[in-house]
$ cat entry-v4.cif   # mmCIF, C-alpha atoms
data_run
loop_
_atom_site.label_atom_id
_atom_site.label_comp_id
_atom_site.auth_asym_id
_atom_site.auth_seq_id
_atom_site.Cartn_x
_atom_site.Cartn_y
_atom_site.Cartn_z
CA MET A 1 130.27 87.22 125.07
CA ASN A 2 128.05 85.26 122.71
CA ASN A 3 128.76 84.32 119.10
CA GLU A 4 126.96 87.29 117.66
CA GLN A 5 129.05 89.74 119.66
CA GLN A 6 132.26 87.96 118.73
CA GLU A 7 131.42 88.30 115.07
CA ILE A 8 130.81 92.03 115.43
CA VAL A 9 134.15 92.54 117.15
CA VAL A 10 136.07 90.63 114.47
CA THR A 11 134.21 92.51 111.74
CA GLU A 12 135.17 95.86 113.25
CA LYS A 13 138.82 94.86 113.32
CA GLU A 14 138.73 94.02 109.63
CA LEU A 15 136.54 97.04 108.96
CA VAL A 16 139.06 99.48 110.36
CA ILE A 17 141.83 97.91 108.28
CA ASN A 18 139.67 98.30 105.19
CA MET A 19 139.03 101.93 106.12
CA LEU A 20 142.73 102.66 106.51
CA VAL A 21 143.76 100.83 103.35
CA SER A 22 140.95 102.64 101.51
CA ALA A 23 142.17 106.02 102.77
CA TRP A 24 145.65 105.16 101.50
CA GLU A 25 144.36 103.91 98.15
CA ALA A 26 142.06 106.92 97.67
CA GLN A 27 144.98 109.25 98.25
CA ASN A 28 147.13 107.32 95.78
CA LYS A 29 144.36 107.50 93.22
CA ARG A 30 144.17 111.27 93.59
CA PHE A 31 147.96 111.50 93.46
CA ALA A 32 148.06 109.36 90.29
CA ALA A 33 145.48 111.67 88.69
CA PHE A 34 147.66 114.60 89.72
CA LEU A 35 150.71 112.96 88.09
CA ASP A 36 148.72 112.54 84.88
CA LYS A 37 148.01 116.25 84.89
CA VAL A 38 151.29 117.82 86.04
CA THR A 39 153.87 118.35 83.28
CA ASP A 40 157.57 117.46 83.49
CA ALA A 41 158.36 121.19 83.34
CA GLU A 42 156.06 121.84 86.29
CA LEU A 43 157.60 118.98 88.29
CA ALA A 44 161.06 120.45 87.66
CA GLY A 45 159.95 123.70 89.29
CA GLU A 46 159.77 124.66 92.95
CA THR A 47 156.50 124.10 94.83
CA SER A 48 156.94 127.62 96.25
CA PRO A 49 159.85 130.05 95.84
CA GLY A 50 162.97 128.58 97.48
CA ARG A 51 161.18 125.35 98.47
CA ASN A 52 161.45 121.74 97.34
CA THR A 53 161.01 120.96 93.65
CA GLY A 54 158.28 118.63 92.44
CA ASN A 55 160.92 116.15 91.29
CA TYR A 56 162.49 116.03 94.73
CA LEU A 57 159.14 115.50 96.48
CA LEU A 58 158.13 112.85 93.93
CA GLY A 59 161.41 111.02 94.55
CA HIS A 60 161.04 111.52 98.30
CA LEU A 61 157.51 110.04 98.36
CA THR A 62 158.63 107.15 96.13
CA ALA A 63 161.58 106.42 98.41
CA VAL A 64 159.34 106.55 101.50
CA ASN A 65 156.78 104.23 99.90
CA ASP A 66 159.59 101.91 98.79
CA GLY A 67 160.78 101.78 102.40
CA MET A 68 157.38 100.43 103.42
CA LEU A 69 158.23 97.12 101.70
CA PRO A 70 160.96 96.04 104.16
CA LEU A 71 159.28 97.87 107.07
CA LEU A 72 156.07 95.87 106.55
CA ASP A 73 158.11 92.71 105.95
CA LEU A 74 156.96 92.50 102.33
CA GLY A 75 160.37 92.17 100.73
CA ALA A 76 163.35 94.29 99.76
CA LYS A 77 163.14 97.82 98.38
CA LEU A 78 162.65 98.02 94.62
CA TYR A 79 164.85 101.13 94.31
CA PRO A 80 167.37 101.38 97.16
CA GLU A 81 169.28 103.91 95.05
CA LEU A 82 166.58 106.50 95.86
CA GLU A 83 167.58 106.54 99.50
CA GLU A 84 170.72 108.66 99.09
CA PRO A 85 169.28 111.54 96.99
CA PHE A 86 165.76 111.60 98.43
CA LEU A 87 165.94 110.48 102.06
CA ALA A 88 169.51 111.11 103.18
CA SER A 89 169.88 114.40 101.27
CA PRO A 90 167.83 117.57 100.89
CA ASP A 91 166.79 118.93 97.49
CA LYS A 92 169.48 120.53 95.32
CA SER A 93 172.16 118.39 96.96
CA GLY A 94 173.86 117.71 93.66
CA LYS A 95 173.29 113.97 94.17
CA ILE A 96 172.37 112.08 91.00
CA MET A 97 168.60 111.93 90.55
CA PRO A 98 166.64 109.79 88.08
CA SER A 99 164.87 111.54 85.22
CA THR A 100 161.33 112.77 85.77
CA ALA A 101 160.01 109.98 83.52
CA GLU A 102 161.85 107.42 85.66
CA LEU A 103 160.54 108.98 88.88
CA ARG A 104 156.97 108.80 87.61
CA GLU A 105 157.43 105.13 86.66
CA LYS A 106 159.05 104.21 89.96
CA TRP A 107 156.28 105.86 91.98
CA HIS A 108 153.70 103.87 90.03
CA ASN A 109 155.62 100.60 90.37
CA VAL A 110 156.16 100.89 94.12
CA THR A 111 152.57 101.94 94.75
CA ALA A 112 151.19 99.12 92.59
CA LEU A 113 153.34 96.55 94.39
CA LEU A 114 152.18 97.79 97.80
CA HIS A 115 148.61 97.60 96.52
CA GLU A 116 149.06 93.95 95.54
CA HIS A 117 150.54 93.10 98.92
CA PHE A 118 147.84 94.98 100.85
CA LYS A 119 145.13 92.97 99.09
CA LYS A 120 146.59 89.79 100.56
CA MET A 121 147.50 90.91 104.08
CA SER A 122 145.43 89.49 106.92
CA ALA A 123 144.10 91.50 109.85
CA ASP A 124 146.56 89.75 112.14
CA GLU A 125 149.46 90.71 109.90
CA TRP A 126 148.43 94.37 110.03
CA PHE A 127 148.36 94.23 113.82
CA GLY A 128 151.75 92.55 113.93
CA ARG A 129 154.98 94.42 114.61
CA HIS A 130 156.82 96.26 111.87
CA THR A 131 160.44 95.32 111.28
CA SER A 132 162.07 98.31 112.96
CA VAL A 133 160.71 97.39 116.39
CA SER A 134 162.03 94.42 118.35
CA ALA A 135 159.73 91.69 119.68
CA GLU A 136 160.59 92.83 123.22
CA ASP A 137 159.67 96.46 122.61
CA PHE A 138 156.57 95.46 120.67
CA ALA A 139 155.28 93.46 123.63
CA LYS A 140 155.31 96.71 125.62
CA GLU A 141 154.28 99.01 122.75
CA PRO A 142 151.71 97.12 120.65
CA HIS A 143 150.78 100.28 118.74
CA ARG A 144 154.06 99.97 116.86
CA ASN A 145 152.38 97.69 114.35
CA LYS A 146 152.16 97.69 110.57
CA LEU A 147 148.86 99.52 110.57
CA ASN A 148 150.53 102.44 112.34
CA ILE A 149 153.06 102.68 109.50
CA LEU A 150 150.17 102.93 107.05
CA ILE A 151 148.56 105.71 109.14
CA SER A 152 151.74 107.75 109.38
CA ARG A 153 152.61 107.30 105.71
CA THR A 154 149.14 108.40 104.62
CA THR A 155 149.50 111.61 106.62
CA HIS A 156 153.06 112.17 105.40
CA GLN A 157 152.06 111.72 101.76
CA GLY A 158 149.12 114.10 102.24
CA TYR A 159 151.44 116.75 103.69
CA HIS A 160 153.67 116.75 100.60
CA PHE A 161 150.77 116.28 98.20
CA GLY A 162 149.35 119.58 99.46
CA GLN A 163 152.64 121.22 98.51
CA MET A 164 152.92 119.51 95.12
CA ALA A 165 149.39 120.65 94.24
CA TYR A 166 150.94 124.12 93.89
CA LEU A 167 152.93 122.97 90.85
CA VAL A 168 149.87 122.89 88.60
CA LYS A 169 148.76 126.26 87.26
CA LYS A 170 145.37 127.42 88.48
CA SER A 171 142.79 127.16 85.74
CA MET B 1 137.30 81.26 120.80
CA ASN B 2 138.57 81.21 124.40
CA ASN B 3 138.74 84.08 126.84
CA GLU B 4 142.34 84.92 126.03
CA GLN B 5 141.59 85.36 122.34
CA GLN B 6 138.54 87.49 123.10
CA GLU B 7 140.64 89.82 125.15
CA ILE B 8 143.19 90.25 122.36
CA VAL B 9 140.47 91.12 119.84
CA VAL B 10 138.89 93.73 122.10
CA THR B 11 142.31 95.17 122.88
CA GLU B 12 143.10 95.56 119.20
CA LYS B 13 139.86 97.43 118.62
CA GLU B 14 140.72 99.90 121.37
CA LEU B 15 144.35 99.93 120.27
CA VAL B 16 143.54 101.09 116.77
CA ILE B 17 141.33 103.88 118.14
CA ASN B 18 144.20 104.98 120.37
CA MET B 19 146.52 104.92 117.36
CA LEU B 20 144.19 107.09 115.29
CA VAL B 21 143.45 109.55 118.09
CA SER B 22 147.21 109.72 118.78
CA ALA B 23 147.93 110.47 115.11
CA TRP B 24 145.36 113.28 115.25
CA GLU B 25 146.71 114.64 118.54
CA ALA B 26 150.33 114.47 117.38
CA GLN B 27 149.46 116.46 114.28
CA ASN B 28 147.60 119.05 116.37
CA LYS B 29 150.60 119.33 118.67
CA ARG B 30 152.89 120.02 115.70
CA PHE B 31 150.37 122.46 114.28
CA ALA B 32 150.10 124.28 117.64
CA ALA B 33 153.91 124.57 117.73
CA PHE B 34 153.77 125.95 114.20
CA LEU B 35 151.16 128.54 115.28
CA ASP B 36 153.46 129.60 118.12
CA LYS B 37 156.21 130.23 115.60
CA VAL B 38 154.42 131.79 112.63
CA THR B 39 153.86 135.56 112.89
CA ASP B 40 150.61 137.38 112.14
CA ALA B 41 152.35 139.01 109.17
CA GLU B 42 153.36 135.60 107.82
CA LEU B 43 149.82 134.26 108.26
CA ALA B 44 148.47 137.23 106.32
CA GLY B 45 150.64 136.26 103.36
CA GLU B 46 150.06 133.68 100.63
CA THR B 47 151.40 130.15 101.13
CA SER B 48 152.72 130.35 97.56
CA PRO B 49 152.26 133.11 94.95
CA GLY B 50 148.57 133.34 94.00
CA ARG B 51 147.56 130.62 96.49
CA ASN B 52 145.55 130.62 99.72
CA THR B 53 146.69 132.86 102.55
CA GLY B 54 147.67 131.47 105.92
CA ASN B 55 144.68 133.22 107.51
CA TYR B 56 142.28 131.55 105.09
CA LEU B 57 143.73 128.09 105.67
CA LEU B 58 143.74 128.64 109.45
CA GLY B 59 140.08 129.65 109.29
CA HIS B 60 139.34 126.75 106.94
CA LEU B 61 140.94 124.18 109.23
CA THR B 62 139.18 125.69 112.25
CA ALA B 63 135.81 125.56 110.48
CA VAL B 64 136.41 121.94 109.41
CA ASN B 65 137.42 120.94 112.94
CA ASP B 66 134.39 122.80 114.30
CA GLY B 67 132.20 120.79 111.93
CA MET B 68 133.45 117.61 113.56
CA LEU B 69 131.44 118.48 116.70
CA PRO B 70 127.97 117.97 115.14
CA LEU B 71 129.28 115.31 112.73
CA LEU B 72 130.54 113.20 115.63
CA ASP B 73 127.37 114.00 117.61
CA LEU B 74 129.34 115.92 120.22
CA GLY B 75 127.25 119.07 120.17
CA ALA B 76 126.76 122.21 118.10
CA LYS B 77 129.51 124.11 116.35
CA LEU B 78 131.31 126.67 118.49
CA TYR B 79 131.72 129.10 115.58
CA PRO B 80 129.08 128.56 112.89
CA GLU B 81 129.98 132.01 111.54
CA LEU B 82 133.19 130.51 110.10
CA GLU B 83 131.23 128.41 107.64
CA GLU B 84 130.41 131.21 105.19
CA PRO B 85 133.90 132.73 104.76
CA PHE B 86 135.98 129.53 105.14
CA LEU B 87 133.88 126.62 103.84
CA ALA B 88 131.32 128.12 101.46
CA SER B 89 133.72 130.69 99.98
CA PRO B 90 137.24 130.63 98.57
CA ASP B 91 139.99 132.92 99.84
CA LYS B 92 139.81 136.62 98.95
CA SER B 93 136.01 136.42 98.66
CA GLY B 94 135.55 139.72 100.44
CA LYS B 95 133.53 137.95 103.15
CA ILE B 96 134.14 139.21 106.67
CA MET B 97 136.90 137.23 108.36
CA PRO B 98 137.85 137.29 112.05
CA SER B 99 141.20 138.83 112.99
CA THR B 100 144.29 136.62 113.02
CA ALA B 101 144.32 136.72 116.83
CA GLU B 102 140.72 135.51 116.87
CA LEU B 103 141.46 132.77 114.35
CA ARG B 104 144.34 131.50 116.46
CA GLU B 105 142.14 131.46 119.56
CA LYS B 106 139.26 129.71 117.79
CA TRP B 107 141.53 127.00 116.40
CA HIS B 108 142.86 126.35 119.90
CA ASN B 109 139.38 126.32 121.47
CA VAL B 110 137.87 123.93 118.93
CA THR B 111 140.83 121.60 119.05
CA ALA B 112 140.89 121.57 122.85
CA LEU B 113 137.16 120.81 122.98
CA LEU B 114 137.54 117.90 120.53
CA HIS B 115 140.43 116.65 122.66
CA GLU B 116 138.24 116.63 125.78
CA HIS B 117 135.48 114.75 123.98
CA PHE B 118 137.88 112.21 122.44
CA LYS B 119 139.24 111.32 125.88
CA LYS B 120 135.75 110.22 126.90
CA MET B 121 134.53 108.45 123.75
CA SER B 122 134.14 104.69 123.94
CA ALA B 123 135.29 102.27 121.25
CA ASP B 124 131.67 101.57 120.38
CA GLU B 125 130.96 105.25 119.90
CA TRP B 126 133.86 105.56 117.47
CA PHE B 127 132.50 102.66 115.45
CA GLY B 128 129.03 104.17 115.44
CA ARG B 129 127.62 106.15 112.52
CA HIS B 130 128.38 109.80 112.05
CA THR B 131 125.42 112.16 111.83
CA SER B 132 125.48 112.75 108.07
CA VAL B 133 124.71 109.10 107.29
CA SER B 134 121.27 107.60 107.91
CA ALA B 135 120.78 104.46 109.99
CA GLU B 136 119.62 102.65 106.82
CA ASP B 137 122.70 103.57 104.80
CA PHE B 138 124.98 102.87 107.74
CA ALA B 139 123.65 99.31 107.98
CA LYS B 140 124.92 98.76 104.43
CA GLU B 141 128.06 100.92 104.73
CA PRO B 142 129.46 100.41 108.24
CA HIS B 143 132.71 102.14 107.30
CA ARG B 144 130.83 105.46 107.44
CA ASN B 145 131.52 105.67 111.14
CA LYS B 146 133.00 108.36 113.38
CA LEU B 147 136.48 106.86 113.17
CA ASN B 148 136.44 107.39 109.42
CA ILE B 149 135.77 111.10 109.96
CA LEU B 150 138.84 111.24 112.17
CA ILE B 151 140.95 109.50 109.49
CA SER B 152 139.83 111.82 106.70
CA ARG B 153 140.20 114.96 108.82
CA THR B 154 143.74 113.99 109.84
CA THR B 155 144.73 113.61 106.18
CA HIS B 156 142.94 116.83 105.22
CA GLN B 157 144.65 118.81 107.97
CA GLY B 158 148.03 117.34 106.96
CA TYR B 159 147.47 118.42 103.35
CA HIS B 160 146.96 122.07 104.32
CA PHE B 161 149.60 121.99 107.05
CA GLY B 162 152.16 121.10 104.37
CA GLN B 163 151.12 124.26 102.55
CA MET B 164 151.08 126.48 105.63
CA ALA B 165 154.60 125.32 106.53
CA TYR B 166 155.72 127.50 103.60
CA LEU B 167 154.67 130.64 105.48
CA VAL B 168 157.60 130.45 107.88
CA LYS B 169 160.91 131.72 106.53
CA LYS B 170 163.59 129.08 106.19
CA SER B 171 166.24 129.52 108.87
#
$ encode --input "entry-v4.cif" --output "structure tokens"
Amino acid sequence: MNNEQQEIVVTEKELVINMLVSAWEAQNKRFAAFLDKVTDAELAGETSPGRNTGNYLLGHLTAVNDGMLPLLDLGAKLYPELEEPFLASPDKSGKIMPSTAELREKWHNVTALLHEHFKKMSADEWFGRHTSVSAEDFAKEPHRNKLNILISRTTHQGYHFGQMAYLVKKS
Amino acid sequence: MNNEQQEIVVTEKELVINMLVSAWEAQNKRFAAFLDKVTDAELAGETSPGRNTGNYLLGHLTAVNDGMLPLLDLGAKLYPELEEPFLASPDKSGKIMPSTAELREKWHNVTALLHEHFKKMSADEWFGRHTSVSAEDFAKEPHRNKLNILISRTTHQGYHFGQMAYLVKKS
């Protein structure tokens, strides 16, 4: 392998990280535009009759994003109090939920903080293990890296975004 | 860079392709299980009042997956006739749509064919340009590769899968 080939290989490794971070960021941008458009009254409603409310899914996505901070070894959760109502409990559990205004703010804060961290993460960090897998298991299962968390969270957010899109009246 | 480091870099390139193909396959597996469960009557219904029907979204996803064949340079579409009713037209357009049984079969056939191709694709192929970008543009925008199509299609399928999940009655 000569120097030129080496450079191409390294570039592709960084390239794929950029692609995955871009896919995540593009989705967040679309979701932020959606949040600008959807009203508080719409978020309080169900995404489909008998299904999760917009508020629940917004809290759920915020809690999941918040969980990426410790999982990617980027620090503690900003809002651990979201775990009980939005991860451990289904919608309409009676658990205390923040106001819609607070939920909007928390989603923006968590997403912005992840964005700042992602700008600084090296390719090697992304390919390193996430914190819920042990060093021993990671040696055998190297796909359980931080990049894989980003992939699964992008898909998960897309799944619920498709549902939340139903909150906004068709024009 | 010594031989050991070279090997790690190459492994990571293949690793990330495996991760992305696995994410795609895992989603298809869940979607196939969903198709086993959802009835024809449920698929004929709307995912939410006034929204796309299950049949339309199934045809739409099948047409999008089918489009991956030429886009990834894997051959011609299996079902080019799906383009008009499911890509060029919205739901309830009055365009002729296949029966639900046919739609189920076509989704399975397209997905199985992609699966066979993906098993044989090399890492270099995945990092090569897709067919809707010119060689000139690709030289400047190397992220417009086949892997990026896979990333965007996984997110897109997840978005509509979240909506189609509403077709099945809550148990």
$ calpha_fit_and_write --input "entry-v4.cif" --fixed "chain B" --moving "chain A" --output "mmCIF file with C-alpha atoms, in the coordinates of the input"
data_model
loop_
_atom_site.group_PDB
_atom_site.id
_atom_site.type_symbol
_atom_site.label_atom_id
_atom_site.label_comp_id
_atom_site.auth_asym_id
_atom_site.auth_seq_id
_atom_site.Cartn_x
_atom_site.Cartn_y
_atom_site.Cartn_z
ATOM 1 C CA MET A 1 137.265 81.365 120.670
ATOM 2 C CA ASN A 2 138.492 81.231 124.249
ATOM 3 C CA ASN A 3 138.679 84.086 126.747
ATOM 4 C CA GLU A 4 142.268 84.911 125.987
ATOM 5 C CA GLN A 5 141.556 85.373 122.292
ATOM 6 C CA GLN A 6 138.509 87.502 123.014
ATOM 7 C CA GLU A 7 140.596 89.820 125.132
ATOM 8 C CA ILE A 8 143.164 90.236 122.366
ATOM 9 C CA VAL A 9 140.482 91.114 119.834
ATOM 10 C CA VAL A 10 138.891 93.732 122.100
ATOM 11 C CA THR A 11 142.315 95.175 122.904
ATOM 12 C CA GLU A 12 143.127 95.574 119.216
ATOM 13 C CA LYS A 13 139.887 97.444 118.634
ATOM 14 C CA GLU A 14 140.735 99.903 121.384
ATOM 15 C CA LEU A 15 144.363 99.933 120.288
ATOM 16 C CA VAL A 16 143.547 101.099 116.789
ATOM 17 C CA ILE A 17 141.345 103.879 118.162
ATOM 18 C CA ASN A 18 144.207 104.989 120.385
ATOM 19 C CA MET A 19 146.536 104.934 117.381
ATOM 20 C CA LEU A 20 144.195 107.083 115.313
ATOM 21 C CA VAL A 21 143.457 109.544 118.104
ATOM 22 C CA SER A 22 147.206 109.730 118.791
ATOM 23 C CA ALA A 23 147.938 110.481 115.130
ATOM 24 C CA TRP A 24 145.374 113.287 115.264
ATOM 25 C CA GLU A 25 146.712 114.652 118.550
ATOM 26 C CA ALA A 26 150.346 114.471 117.392
ATOM 27 C CA GLN A 27 149.465 116.459 114.299
ATOM 28 C CA ASN A 28 147.625 119.054 116.379
ATOM 29 C CA LYS A 29 150.610 119.341 118.673
ATOM 30 C CA ARG A 30 152.898 120.014 115.724
ATOM 31 C CA PHE A 31 150.373 122.465 114.291
ATOM 32 C CA ALA A 32 150.116 124.284 117.647
ATOM 33 C CA ALA A 33 153.918 124.571 117.744
ATOM 34 C CA PHE A 34 153.772 125.947 114.210
ATOM 35 C CA LEU A 35 151.169 128.541 115.281
ATOM 36 C CA ASP A 36 153.462 129.614 118.116
ATOM 37 C CA LYS A 37 156.211 130.224 115.598
ATOM 38 C CA VAL A 38 154.413 131.791 112.622
ATOM 39 C CA THR A 39 153.855 135.556 112.884
ATOM 40 C CA ASP A 40 150.597 137.382 112.123
ATOM 41 C CA ALA A 41 152.342 139.023 109.153
ATOM 42 C CA GLU A 42 153.348 135.619 107.807
ATOM 43 C CA LEU A 43 149.816 134.251 108.259
ATOM 44 C CA ALA A 44 148.452 137.224 106.303
ATOM 45 C CA GLY A 45 150.642 136.256 103.350
ATOM 46 C CA GLU A 46 150.070 133.690 100.623
ATOM 47 C CA THR A 47 151.412 130.156 101.125
ATOM 48 C CA SER A 48 152.730 130.356 97.545
ATOM 49 C CA PRO A 49 152.263 133.105 94.943
ATOM 50 C CA GLY A 50 148.569 133.351 94.008
ATOM 51 C CA ARG A 51 147.548 130.621 96.481
ATOM 52 C CA ASN A 52 145.565 130.607 99.714
ATOM 53 C CA THR A 53 146.700 132.872 102.543
ATOM 54 C CA GLY A 54 147.665 131.468 105.926
ATOM 55 C CA ASN A 55 144.679 133.220 107.494
ATOM 56 C CA TYR A 56 142.280 131.569 105.079
ATOM 57 C CA LEU A 57 143.742 128.092 105.661
ATOM 58 C CA LEU A 58 143.753 128.636 109.436
ATOM 59 C CA GLY A 59 140.083 129.637 109.291
ATOM 60 C CA HIS A 60 139.338 126.759 106.922
ATOM 61 C CA LEU A 61 140.945 124.166 109.234
ATOM 62 C CA THR A 62 139.176 125.689 112.255
ATOM 63 C CA ALA A 63 135.827 125.564 110.466
ATOM 64 C CA VAL A 64 136.426 121.945 109.406
ATOM 65 C CA ASN A 65 137.412 120.937 112.942
ATOM 66 C CA ASP A 66 134.388 122.806 114.309
ATOM 67 C CA GLY A 67 132.195 120.797 111.939
ATOM 68 C CA MET A 68 133.452 117.603 113.563
ATOM 69 C CA LEU A 69 131.443 118.464 116.703
ATOM 70 C CA PRO A 70 127.976 117.973 115.150
ATOM 71 C CA LEU A 71 129.267 115.306 112.729
ATOM 72 C CA LEU A 72 130.534 113.191 115.644
ATOM 73 C CA ASP A 73 127.373 113.978 117.618
ATOM 74 C CA LEU A 74 129.335 115.923 120.233
ATOM 75 C CA GLY A 75 127.257 119.082 120.184
ATOM 76 C CA ALA A 76 126.748 122.203 118.106
ATOM 77 C CA LYS A 77 129.518 124.101 116.335
ATOM 78 C CA LEU A 78 131.305 126.665 118.492
ATOM 79 C CA TYR A 79 131.723 129.102 115.577
ATOM 80 C CA PRO A 80 129.075 128.569 112.887
ATOM 81 C CA GLU A 81 129.978 132.010 111.527
ATOM 82 C CA LEU A 82 133.193 130.507 110.091
ATOM 83 C CA GLU A 83 131.228 128.408 107.644
ATOM 84 C CA GLU A 84 130.409 131.208 105.192
ATOM 85 C CA PRO A 85 133.917 132.717 104.747
ATOM 86 C CA PHE A 86 135.966 129.535 105.126
ATOM 87 C CA LEU A 87 133.889 126.621 103.837
ATOM 88 C CA ALA A 88 131.325 128.120 101.475
ATOM 89 C CA SER A 89 133.720 130.696 99.979
ATOM 90 C CA PRO A 90 137.237 130.636 98.557
ATOM 91 C CA ASP A 91 139.994 132.926 99.839
ATOM 92 C CA LYS A 92 139.798 136.620 98.931
ATOM 93 C CA SER A 93 136.013 136.412 98.650
ATOM 94 C CA GLY A 94 135.541 139.706 100.429
ATOM 95 C CA LYS A 95 133.507 137.926 103.124
ATOM 96 C CA ILE A 96 134.130 139.201 106.654
ATOM 97 C CA MET A 97 136.893 137.218 108.349
ATOM 98 C CA PRO A 98 137.864 137.272 112.033
ATOM 99 C CA SER A 99 141.190 138.829 112.977
ATOM 100 C CA THR A 100 144.273 136.629 112.996
ATOM 101 C CA ALA A 101 144.316 136.722 116.815
ATOM 102 C CA GLU A 102 140.702 135.515 116.858
ATOM 103 C CA LEU A 103 141.455 132.763 114.332
ATOM 104 C CA ARG A 104 144.344 131.504 116.444
ATOM 105 C CA GLU A 105 142.126 131.454 119.553
ATOM 106 C CA LYS A 106 139.256 129.712 117.795
ATOM 107 C CA TRP A 107 141.528 127.000 116.397
ATOM 108 C CA HIS A 108 142.852 126.334 119.894
ATOM 109 C CA ASN A 109 139.381 126.317 121.459
ATOM 110 C CA VAL A 110 137.858 123.929 118.926
ATOM 111 C CA THR A 111 140.840 121.588 119.052
ATOM 112 C CA ALA A 112 140.876 121.569 122.862
ATOM 113 C CA LEU A 113 137.153 120.800 122.997
ATOM 114 C CA LEU A 114 137.540 117.908 120.548
ATOM 115 C CA HIS A 115 140.425 116.653 122.674
ATOM 116 C CA GLU A 116 138.238 116.625 125.788
ATOM 117 C CA HIS A 117 135.482 114.759 123.982
ATOM 118 C CA PHE A 118 137.875 112.220 122.439
ATOM 119 C CA LYS A 119 139.212 111.329 125.889
ATOM 120 C CA LYS A 120 135.729 110.217 126.908
ATOM 121 C CA MET A 121 134.524 108.458 123.757
ATOM 122 C CA SER A 122 134.151 104.690 123.933
ATOM 123 C CA ALA A 123 135.293 102.270 121.243
ATOM 124 C CA ASP A 124 131.674 101.555 120.380
ATOM 125 C CA GLU A 125 130.965 105.246 119.914
ATOM 126 C CA TRP A 126 133.871 105.561 117.479
ATOM 127 C CA PHE A 127 132.510 102.653 115.458
ATOM 128 C CA GLY A 128 129.030 104.144 115.452
ATOM 129 C CA ARG A 129 127.614 106.115 112.536
ATOM 130 C CA HIS A 130 128.371 109.788 112.072
ATOM 131 C CA THR A 131 125.420 112.148 111.831
ATOM 132 C CA SER A 132 125.476 112.724 108.078
ATOM 133 C CA VAL A 133 124.691 109.086 107.296
ATOM 134 C CA SER A 134 121.264 107.583 107.930
ATOM 135 C CA ALA A 135 120.791 104.433 110.019
ATOM 136 C CA GLU A 136 119.627 102.635 106.859
ATOM 137 C CA ASP A 137 122.695 103.558 104.827
ATOM 138 C CA PHE A 138 124.986 102.851 107.764
ATOM 139 C CA ALA A 139 123.662 99.301 108.029
ATOM 140 C CA LYS A 140 124.911 98.752 104.470
ATOM 141 C CA GLU A 141 128.043 100.919 104.749
ATOM 142 C CA PRO A 142 129.472 100.400 108.252
ATOM 143 C CA HIS A 143 132.718 102.154 107.311
ATOM 144 C CA ARG A 144 130.843 105.449 107.452
ATOM 145 C CA ASN A 145 131.543 105.662 111.165
ATOM 146 C CA LYS A 146 133.024 108.347 113.387
ATOM 147 C CA LEU A 147 136.491 106.871 113.187
ATOM 148 C CA ASN A 148 136.444 107.384 109.421
ATOM 149 C CA ILE A 149 135.774 111.097 109.962
ATOM 150 C CA LEU A 150 138.850 111.249 112.184
ATOM 151 C CA ILE A 151 140.952 109.503 109.496
ATOM 152 C CA SER A 152 139.828 111.820 106.721
ATOM 153 C CA ARG A 153 140.218 114.954 108.831
ATOM 154 C CA THR A 154 143.747 113.982 109.853
ATOM 155 C CA THR A 155 144.732 113.615 106.202
ATOM 156 C CA HIS A 156 142.952 116.832 105.223
ATOM 157 C CA GLN A 157 144.669 118.814 107.975
ATOM 158 C CA GLY A 158 148.044 117.353 106.967
ATOM 159 C CA TYR A 159 147.481 118.421 103.354
ATOM 160 C CA HIS A 160 146.968 122.071 104.321
ATOM 161 C CA PHE A 161 149.597 121.977 107.054
ATOM 162 C CA GLY A 162 152.168 121.111 104.383
ATOM 163 C CA GLN A 163 151.141 124.269 102.542
ATOM 164 C CA MET A 164 151.092 126.483 105.639
ATOM 165 C CA ALA A 165 154.614 125.329 106.534
ATOM 166 C CA TYR A 166 155.728 127.505 103.603
ATOM 167 C CA LEU A 167 154.673 130.648 105.482
ATOM 168 C CA VAL A 168 157.601 130.456 107.896
ATOM 169 C CA LYS A 169 160.903 131.736 106.538
ATOM 170 C CA LYS A 170 163.602 129.107 106.177
ATOM 171 C CA SER A 171 166.248 129.518 108.834
#
$ interface_residues --input "entry-v4.cif" --of "chain B" --to "chain A" --cutoff "10 Å" --atoms "all atoms listed in the file" --output "JSON, numbers by chain"
{"B": [1, 3, 6, 9, 10, 11, 12, 13, 14, 15, 16, 17, 18, 19, 20, 23, 24, 27, 47, 48, 49, 50, 51, 124, 127, 142, 143, 144, 145, 147, 148, 151, 152, 154, 155, 156, 157, 158, 159, 160, 161, 162, 163, 164, 165, 166, 167, 169, 170]}
$ atom_distance --input "entry-v4.cif" --atom1 "CA of Met97 (chain A)" --atom2 "CA of Gly59 (chain A)"
8.3 Å
$ residues_around --input "entry-v4.cif" --residues "Ser99 (chain A)" --least-positions-apart "4" --cutoff "9 Å" --atoms "all atoms listed in the file" --output "list in words"
Asn55, Leu103 and Arg104 of chain A
$ closest_residue --input "entry-v4.cif" --among "A:Ala63, A:Met68, A:Val38, A:Asn52" --to "Lys92 (chain A)" --atoms "only C-alpha atoms"
A:Asn52
$ atom_distance --input "entry-v4.cif" --atom1 "CA of Lys120 (chain B)" --atom2 "CA of Ile149 (chain B)"
17.0 Å
$ resolve_selection --input "entry-v4.cif" --expression "the PyMOL selection byres ((chain A and resi 77) around 12)" --output "list of chain:residue names"
A:Thr62, A:Ala63, A:Val64, A:Asn65, A:Asp66, A:Gly67, A:Met68, A:Leu69, A:Pro70, A:Leu71, A:Leu72, A:Asp73, A:Leu74, A:Gly75, A:Ala76, A:Leu78, A:Tyr79, A:Pro80, A:Glu81, A:Leu82, A:Glu83, A:Lys106, A:Asn109, A:Val110, A:Thr111, A:Leu113, A:Leu114
$ atom_distance --input "entry-v4.cif" --atom1 "CA of Asp137 (chain A)" --atom2 "CA of Leu150 (chain A)"
19.3 Å
